[in-house]
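Engineer: Here you go, structure.json (JSON, C-alpha atoms):
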[["chain", "number", "residue", "atom", "x", "y", "z"],
["U", 82, "MET", "CA", 158.60, -51.99, -40.51],
["U", 83, "ASP", "CA", 155.24, -53.75, -40.48],
["U", 84, "ALA", "CA", 154.56, -57.44, -39.89],
["U", 85, "ILE", "CA", 154.66, -58.28, -43.60],
["U", 86, "ASP", "CA", 158.09, -56.66, -43.91],
["U", 87, "VAL", "CA", 159.31, -58.69, -40.93],
["U", 88, "LEU", "CA", 158.08, -61.91, -42.52],
["U", 89, "ARG", "CA", 159.65, -60.99, -45.87],
["U", 90, "GLU", "CA", 162.96, -60.29, -44.14],
["U", 91, "ALA", "CA", 162.84, -63.57, -42.21],
["U", 92, "HIS", "CA", 162.00, -65.59, -45.32],
["U", 93, "SER", "CA", 164.72, -63.84, -47.31],
["U", 94, "ARG", "CA", 167.41, -65.23, -44.99],
["U", 95, "VAL", "CA", 166.64, -68.90, -45.61],
["U", 96, "PRO", "CA", 168.21, -69.27, -49.10],
["U", 97, "GLY", "CA", 171.54, -67.86, -47.93],
["U", 98, "LEU", "CA", 171.65, -70.19, -44.94],
["U", 99, "ALA", "CA", 170.92, -73.21, -47.12],
["U", 100, "ARG", "CA", 173.36, -72.04, -49.80],
["U", 101, "ARG", "CA", 176.23, -71.93, -47.29],
["U", 102, "ALA", "CA", 175.39, -75.48, -46.21],
["U", 103, "ALA", "CA", 175.09, -77.06, -49.68],
["U", 104, "GLU", "CA", 177.00, -74.99, -52.22],
["U", 105, "GLY", "CA", 179.81, -76.81, -54.01],
["U", 106, "LEU", "CA", 179.09, -80.24, -52.55],
["U", 107, "THR", "CA", 179.09, -83.37, -54.69],
["U", 108, "PRO", "CA", 176.05, -85.65, -54.90],
["U", 109, "GLU", "CA", 177.93, -88.08, -52.64],
["U", 110, "GLN", "CA", 178.53, -85.38, -50.03],
["U", 111, "LEU", "CA", 174.90, -84.30, -50.24],
["U", 112, "ALA", "CA", 173.86, -87.90, -49.51],
["U", 113, "TRP", "CA", 176.30, -88.44, -46.61],
["U", 114, "ALA", "CA", 174.70, -88.82, -43.18],
["U", 115, "PRO", "CA", 176.72, -88.65, -39.96],
["U", 116, "ALA", "CA", 174.95, -91.69, -38.49],
["U", 117, "GLU", "CA", 172.35, -94.30, -39.39],
["U", 118, "GLY", "CA", 168.97, -92.60, -39.39],
["U", 119, "ALA", "CA", 170.43, -89.08, -39.50],
["U", 120, "ASN", "CA", 169.44, -86.72, -42.27],
["U", 121, "PRO", "CA", 171.96, -85.72, -44.95],
["U", 122, "ILE", "CA", 172.38, -82.20, -46.30],
["U", 123, "GLY", "CA", 170.65, -83.05, -49.58],
["U", 124, "TRP", "CA", 167.53, -84.24, -47.82],
["U", 125, "LEU", "CA", 167.52, -81.36, -45.31],
["U", 126, "VAL", "CA", 167.72, -78.66, -47.98],
["U", 127, "TRP", "CA", 165.23, -80.49, -50.23],
["U", 128, "HIS", "CA", 162.83, -80.87, -47.29],
["U", 129, "LEU", "CA", 163.01, -77.25, -46.18],
["U", 130, "ALA", "CA", 162.30, -76.09, -49.73],
["U", 131, "ARG", "CA", 159.53, -78.67, -50.22],
["U", 132, "GLY", "CA", 157.87, -77.75, -46.92],
["U", 133, "GLN", "CA", 157.88, -74.05, -47.76],
["U", 134, "ASP", "CA", 156.71, -74.70, -51.30],
["U", 135, "ALA", "CA", 153.79, -76.94, -50.32],
["U", 136, "GLN", "CA", 152.63, -74.85, -47.38],
["U", 137, "VAL", "CA", 152.84, -71.49, -49.14],
["U", 138, "ALA", "CA", 151.16, -72.89, -52.24],
["U", 139, "GLU", "CA", 148.29, -74.11, -50.08],
["U", 140, "VAL", "CA", 147.67, -70.80, -48.28],
["U", 141, "ALA", "CA", 148.31, -68.76, -51.43],
["U", 142, "GLY", "CA", 145.95, -70.88, -53.53],
["U", 143, "ARG", "CA", 148.55, -71.53, -56.22],
["U", 144, "PRO", "CA", 150.28, -74.63, -57.64],
["U", 145, "GLN", "CA", 153.51, -75.87, -56.09],
["U", 146, "VAL", "CA", 156.72, -74.77, -57.79],
["U", 147, "TYR", "CA", 157.92, -78.39, -57.47],
["U", 148, "LEU", "CA", 155.13, -79.70, -59.67],
["U", 149, "GLU", "CA", 155.00, -76.86, -62.17],
["U", 150, "GLY", "CA", 158.75, -76.78, -62.72],
["U", 151, "GLY", "CA", 159.34, -80.52, -63.15],
["U", 152, "TRP", "CA", 161.73, -80.55, -60.20],
["U", 153, "ALA", "CA", 160.99, -84.04, -58.86],
["U", 154, "VAL", "CA", 163.14, -85.87, -61.41],
["U", 155, "ARG", "CA", 166.16, -83.75, -60.39],
["U", 156, "PHE", "CA", 165.88, -85.29, -56.91],
["U", 157, "GLY", "CA", 165.18, -88.87, -57.96],
["U", 158, "ARG", "CA", 161.50, -88.50, -57.04],
["U", 159, "GLU", "CA", 158.13, -88.86, -58.66],
["U", 160, "PRO", "CA", 156.06, -85.67, -58.87],
["U", 161, "ASP", "CA", 153.83, -85.86, -55.80],
["U", 162, "ALA", "CA", 152.33, -82.84, -54.06],
["U", 163, "ASP", "CA", 152.37, -84.67, -50.73],
["U", 164, "ASP", "CA", 156.02, -85.76, -50.93],
["U", 165, "THR", "CA", 157.56, -83.05, -48.76],
["U", 166, "GLY", "CA", 159.63, -85.13, -46.37],
["U", 167, "TYR", "CA", 157.12, -85.08, -43.52],
["U", 168, "GLY", "CA", 156.82, -88.64, -42.28],
["U", 169, "HIS", "CA", 159.85, -89.87, -44.23],
["U", 170, "GLY", "CA", 161.57, -92.88, -42.74],
["U", 171, "PRO", "CA", 165.24, -93.73, -43.31],
["U", 172, "ASP", "CA", 164.58, -95.41, -46.68],
["U", 173, "ASP", "CA", 162.59, -92.41, -47.91],
["U", 174, "VAL", "CA", 165.36, -90.05, -46.80],
["U", 175, "ARG", "CA", 168.01, -92.06, -48.65],
["U", 176, "ALA", "CA", 165.82, -92.08, -51.77],
["U", 177, "VAL", "CA", 166.01, -88.28, -52.10],
["U", 178, "ARG", "CA", 169.04, -87.97, -54.39],
["U", 179, "PRO", "CA", 169.70, -84.45, -55.65],
["U", 180, "GLU", "CA", 171.53, -84.51, -58.97],
["U", 181, "SER", "CA", 173.69, -81.63, -57.70],
["U", 182, "ALA", "CA", 173.96, -78.94, -55.07],
["U", 183, "GLN", "CA", 173.00, -76.47, -57.79],
["U", 184, "ALA", "CA", 169.73, -78.32, -58.41],
["U", 185, "LEU", "CA", 168.88, -77.98, -54.72],
["U", 186, "LEU", "CA", 169.74, -74.32, -54.65],
["U", 187, "ASP", "CA", 167.96, -73.56, -57.93],
["U", 188, "TYR", "CA", 164.81, -75.17, -56.57],
["U", 189, "LEU", "CA", 165.11, -73.29, -53.29],
["U", 190, "ASP", "CA", 165.63, -70.03, -55.20],
["U", 191, "ALA", "CA", 162.51, -70.71, -57.29],
["U", 192, "VAL", "CA", 160.49, -71.44, -54.13],
["U", 193, "HIS", "CA", 161.85, -68.34, -52.44],
["U", 194, "ALA", "CA", 160.99, -66.16, -55.46],
["U", 195, "ALA", "CA", 157.42, -67.47, -55.47],
["U", 196, "THR", "CA", 157.10, -66.97, -51.71],
["U", 197, "ALA", "CA", 158.55, -63.44, -51.83],
["U", 198, "ALA", "CA", 156.28, -62.45, -54.71],
["U", 199, "TRP", "CA", 153.23, -63.72, -52.85],
["U", 200, "LEU", "CA", 154.25, -62.08, -49.56],
["U", 201, "GLY", "CA", 154.38, -58.81, -51.49],
["U", 202, "THR", "CA", 150.66, -59.10, -52.21],
["U", 203, "LEU", "CA", 149.63, -59.33, -48.55],
["U", 204, "ALA", "CA", 148.31, -56.63, -46.27],
["U", 205, "PRO", "CA", 148.85, -56.81, -42.50],
["U", 206, "GLY", "CA", 145.20, -57.71, -41.91],
["U", 207, "ASP", "CA", 145.63, -60.85, -44.04],
["U", 208, "LEU", "CA", 147.80, -62.39, -41.33],
["U", 209, "ASP", "CA", 144.75, -62.87, -39.09],
["U", 210, "ARG", "CA", 143.00, -65.15, -41.60],
["U", 211, "VAL", "CA", 142.54, -68.66, -40.21],
["U", 212, "VAL", "CA", 144.19, -71.19, -42.50],
["U", 213, "ASP", "CA", 143.90, -74.36, -40.40],
["U", 214, "GLU", "CA", 141.07, -75.09, -37.98],
["U", 215, "ALA", "CA", 142.44, -78.52, -37.01],
["U", 216, "TRP", "CA", 144.38, -76.93, -34.12],
["U", 217, "ASP", "CA", 143.31, -75.27, -30.88],
["U", 218, "PRO", "CA", 143.62, -72.38, -31.27],
["U", 219, "PRO", "CA", 143.11, -72.35, -35.03],
["U", 220, "VAL", "CA", 146.23, -71.45, -37.05],
["U", 221, "THR", "CA", 146.32, -68.02, -38.63],
["U", 222, "LEU", "CA", 148.22, -67.16, -41.78],
["U", 223, "GLY", "CA", 150.71, -65.16, -39.70],
["U", 224, "ALA", "CA", 151.38, -68.11, -37.39],
["U", 225, "ARG", "CA", 151.77, -70.46, -40.37],
["U", 226, "LEU", "CA", 154.31, -68.17, -42.04],
["U", 227, "VAL", "CA", 156.32, -67.91, -38.82],
["U", 228, "SER", "CA", 156.20, -71.70, -38.51],
["U", 229, "ILE", "CA", 157.55, -72.11, -42.04],
["U", 230, "VAL", "CA", 160.49, -69.80, -41.33],
["U", 231, "ASP", "CA", 161.14, -71.55, -38.02],
["U", 232, "ASP", "CA", 161.20, -74.97, -39.66],
["U", 233, "ASP", "CA", 163.39, -73.78, -42.54],
["U", 234, "VAL", "CA", 165.95, -72.13, -40.28],
["U", 235, "GLN", "CA", 166.18, -75.24, -38.10],
["U", 236, "HIS", "CA", 166.82, -77.47, -41.11],
["U", 237, "ALA", "CA", 169.32, -75.04, -42.62],
["U", 238, "GLY", "CA", 171.19, -75.07, -39.30],
["U", 239, "GLN", "CA", 171.15, -78.86, -39.26],
["U", 240, "ALA", "CA", 172.52, -78.91, -42.81],
["U", 241, "ALA", "CA", 175.28, -76.47, -41.80],
["U", 242, "TYR", "CA", 176.19, -78.71, -38.88],
["U", 243, "VAL", "CA", 176.38, -81.79, -41.12],
["U", 244, "ARG", "CA", 178.58, -79.83, -43.55],
["U", 245, "GLY", "CA", 180.91, -79.08, -40.65],
["U", 246, "LEU", "CA", 181.08, -82.79, -39.86],
["U", 247, "LEU", "CA", 181.97, -83.43, -43.49],
["U", 248, "GLY", "CA", 184.87, -81.02, -43.20],
["U", 249, "ALA", "CA", 183.83, -79.49, -46.52]]
Step by step, read the file and then write its structure as structure tokens.
Structural biologist:
Amino acid sequence: MDAIDVLREAHSRVPGLARRAAEGLTPEQLAWAPAEGANPIGWLVWHLARGQDAQVAEVAGRPQVYLEGGWAVRFGREPDADDTGYGHGPDDVRAVRPESAQALLDYLDAVHAATAAWLGTLAPGDLDRVVDEAWDPPVTLGARLVSIVDDDVQHAGQAAYVRGLLGA
């Protein structure tokens, strides 16, 4: 197994983790937060999909699935390439209102399909390409892809925990 295969395998696990956290929940359950300022399942799954979508689109040089597929309205949002959840305060978090768990999972599946297709075009040497020079050391494509998986798995785990608190 080469590095690309490892990344494809890691990315392929995210939709299942998120699905187990969100599947079958009502919009009210998706919006429930265990405490003031805590993130609900709907926001967590939306954010992990948005983060992956925006970051992969940037390094792949393609449009975001979110914008091309008209997804924003299904989450009570305006179409905005920069609206990924990073920097969201409590009011912003509450304003993300998925119409259904299925909408969340359909969007995540569409993002995953786009990511998987693009990963299939890469060669191992591509992972050394610098994609962000704002950091020291500069961020390579390989490091960015690991970071995306890391972020997604953390948020999927948080969503699973919140689901456990819901007792659903």
Engineer: I'd like a table as a tab-separated table: residues in region 110-199 of chain U with an atom no more than 8 Å from region 231-245 of chain U, each row giving the shortest atom pair and its distance in Å to one decimal, all atoms listed in the file counted, sorted by chain and rising residue number.
Structural biologist:
residue	atom	partner	partner_atom	distance
U:Ala114	CA	U:Val243	CA	7.5
U:Pro115	CA	U:Val243	CA	7.0
U:Pro121	CA	U:Val243	CA	7.0
U:Ile122	CA	U:Ala240	CA	4.8
U:Leu125	CA	U:His236	CA	5.8
U:Val126	CA	U:Ala237	CA	6.7
U:Leu129	CA	U:Asp233	CA	5.0
U:Ala130	CA	U:Asp233	CA	7.6
U:Gln133	CA	U:Asp233	CA	7.6
Engineer: Choose the residue, out of U:Leu189, U:Val146, U:Ala91, U:Leu247, that has the smallest atom-to-atom separation from Val227 (chain U); count all atoms listed in the file.
Structural biologist: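 Closest residue, counting all atoms listed in the file: U:Ala91.
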Engineer: Residues near region 162-172 of chain U, anyone? I mean within 10 Å using all atoms listed in the file, not counting same-chain ones fewer than 2 positions away, as a count of residues only.
Structural biologist: 29
Engineer: Enter the distance from CA of Ile85 (chain U) to CA of Pro205 (chain U), in Å, rounded to one decimal.
Structural biologist: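 Straight-line distance from CA of Ile85 (chain U) to CA of Pro205 (chain U) works out to 6.1 Å.
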Engineer: List the residues sitting within 8 Å of (148.1, -68.8, -41.4) in the file's frame, using only C-alpha atoms, as a ChimeraX atom specification.
Structural biologist: /U:140,208-213,220-226
Engineer: Restricted to C-alpha atoms, what would the selected residues look like written as a short mmCIF file (atom, residue, chain, number, x, y, z; two decimals), in the frame of the given file?
Structural biologist:
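Wrote part_23.cif, looks like this:
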data_model
loop_
_atom_site.label_atom_id
_atom_site.label_comp_id
_atom_site.auth_asym_id
_atom_site.auth_seq_id
_atom_site.Cartn_x
_atom_site.Cartn_y
_atom_site.Cartn_z
CA VAL U 140 147.67 -70.80 -48.28
CA LEU U 208 147.80 -62.39 -41.33
CA ASP U 209 144.75 -62.87 -39.09
CA ARG U 210 143.00 -65.15 -41.60
CA VAL U 211 142.54 -68.66 -40.21
CA VAL U 212 144.19 -71.19 -42.50
CA ASP U 213 143.90 -74.36 -40.40
CA VAL U 220 146.23 -71.45 -37.05
CA THR U 221 146.32 -68.02 -38.63
CA LEU U 222 148.22 -67.16 -41.78
CA GLY U 223 150.71 -65.16 -39.70
CA ALA U 224 151.38 -68.11 -37.39
CA ARG U 225 151.77 -70.46 -40.37
CA LEU U 226 154.31 -68.17 -42.04
#
Engineer: Could region 217-233 of chain U be completed with N, CA, C and O atoms and written as a compact mmCIF listing (two decimals), in the frame of the given file, please?
Structural biologist:
# COMPACT_ATOMS: atom_id res chain seq x y z
N ASP U 217 143.93 -76.12 -31.89
CA ASP U 217 143.31 -75.27 -30.88
C ASP U 217 144.39 -74.47 -30.18
O ASP U 217 145.18 -75.07 -29.45
N PRO U 218 144.51 -73.21 -30.45
CA PRO U 218 143.62 -72.38 -31.27
C PRO U 218 143.88 -72.61 -32.76
O PRO U 218 144.94 -73.11 -33.14
N PRO U 219 142.92 -72.23 -33.59
CA PRO U 219 143.11 -72.35 -35.03
C PRO U 219 144.35 -71.56 -35.48
O PRO U 219 144.70 -70.54 -34.90
N VAL U 220 144.99 -72.05 -36.55
CA VAL U 220 146.23 -71.45 -37.05
C VAL U 220 145.90 -70.32 -38.01
O VAL U 220 145.16 -70.51 -38.98
N THR U 221 146.48 -69.16 -37.73
CA THR U 221 146.32 -68.02 -38.63
C THR U 221 147.42 -68.04 -39.69
O THR U 221 148.43 -68.73 -39.54
N LEU U 222 147.22 -67.26 -40.74
CA LEU U 222 148.22 -67.16 -41.78
C LEU U 222 149.55 -66.65 -41.20
O LEU U 222 150.61 -67.17 -41.53
N GLY U 223 149.49 -65.68 -40.32
CA GLY U 223 150.71 -65.16 -39.70
C GLY U 223 151.46 -66.24 -38.94
O GLY U 223 152.68 -66.38 -39.07
N ALA U 224 150.73 -67.03 -38.14
CA ALA U 224 151.38 -68.11 -37.39
C ALA U 224 151.96 -69.16 -38.33
O ALA U 224 153.06 -69.67 -38.09
N ARG U 225 151.26 -69.47 -39.41
CA ARG U 225 151.77 -70.46 -40.37
C ARG U 225 153.06 -69.97 -41.01
O ARG U 225 154.02 -70.72 -41.16
N LEU U 226 153.10 -68.72 -41.39
CA LEU U 226 154.31 -68.17 -42.04
C LEU U 226 155.50 -68.14 -41.08
O LEU U 226 156.62 -68.42 -41.49
N VAL U 227 155.25 -67.85 -39.81
CA VAL U 227 156.32 -67.91 -38.82
C VAL U 227 156.78 -69.35 -38.66
O VAL U 227 157.98 -69.63 -38.57
N SER U 228 155.86 -70.28 -38.64
CA SER U 228 156.20 -71.70 -38.51
C SER U 228 157.07 -72.19 -39.67
O SER U 228 158.02 -72.96 -39.47
N ILE U 229 156.76 -71.73 -40.87
CA ILE U 229 157.55 -72.11 -42.04
C ILE U 229 158.98 -71.61 -41.89
O ILE U 229 159.94 -72.35 -42.12
N VAL U 230 159.15 -70.35 -41.52
CA VAL U 230 160.49 -69.80 -41.33
C VAL U 230 161.22 -70.57 -40.24
O VAL U 230 162.39 -70.93 -40.38
N ASP U 231 160.54 -70.83 -39.14
CA ASP U 231 161.14 -71.55 -38.02
C ASP U 231 161.65 -72.92 -38.45
O ASP U 231 162.79 -73.30 -38.16
N ASP U 232 160.82 -73.65 -39.17
CA ASP U 232 161.20 -74.97 -39.66
C ASP U 232 162.38 -74.89 -40.62
O ASP U 232 163.34 -75.66 -40.52
N ASP U 233 162.32 -73.94 -41.55
CA ASP U 233 163.39 -73.78 -42.54
C ASP U 233 164.72 -73.43 -41.89
O ASP U 233 165.77 -73.97 -42.26
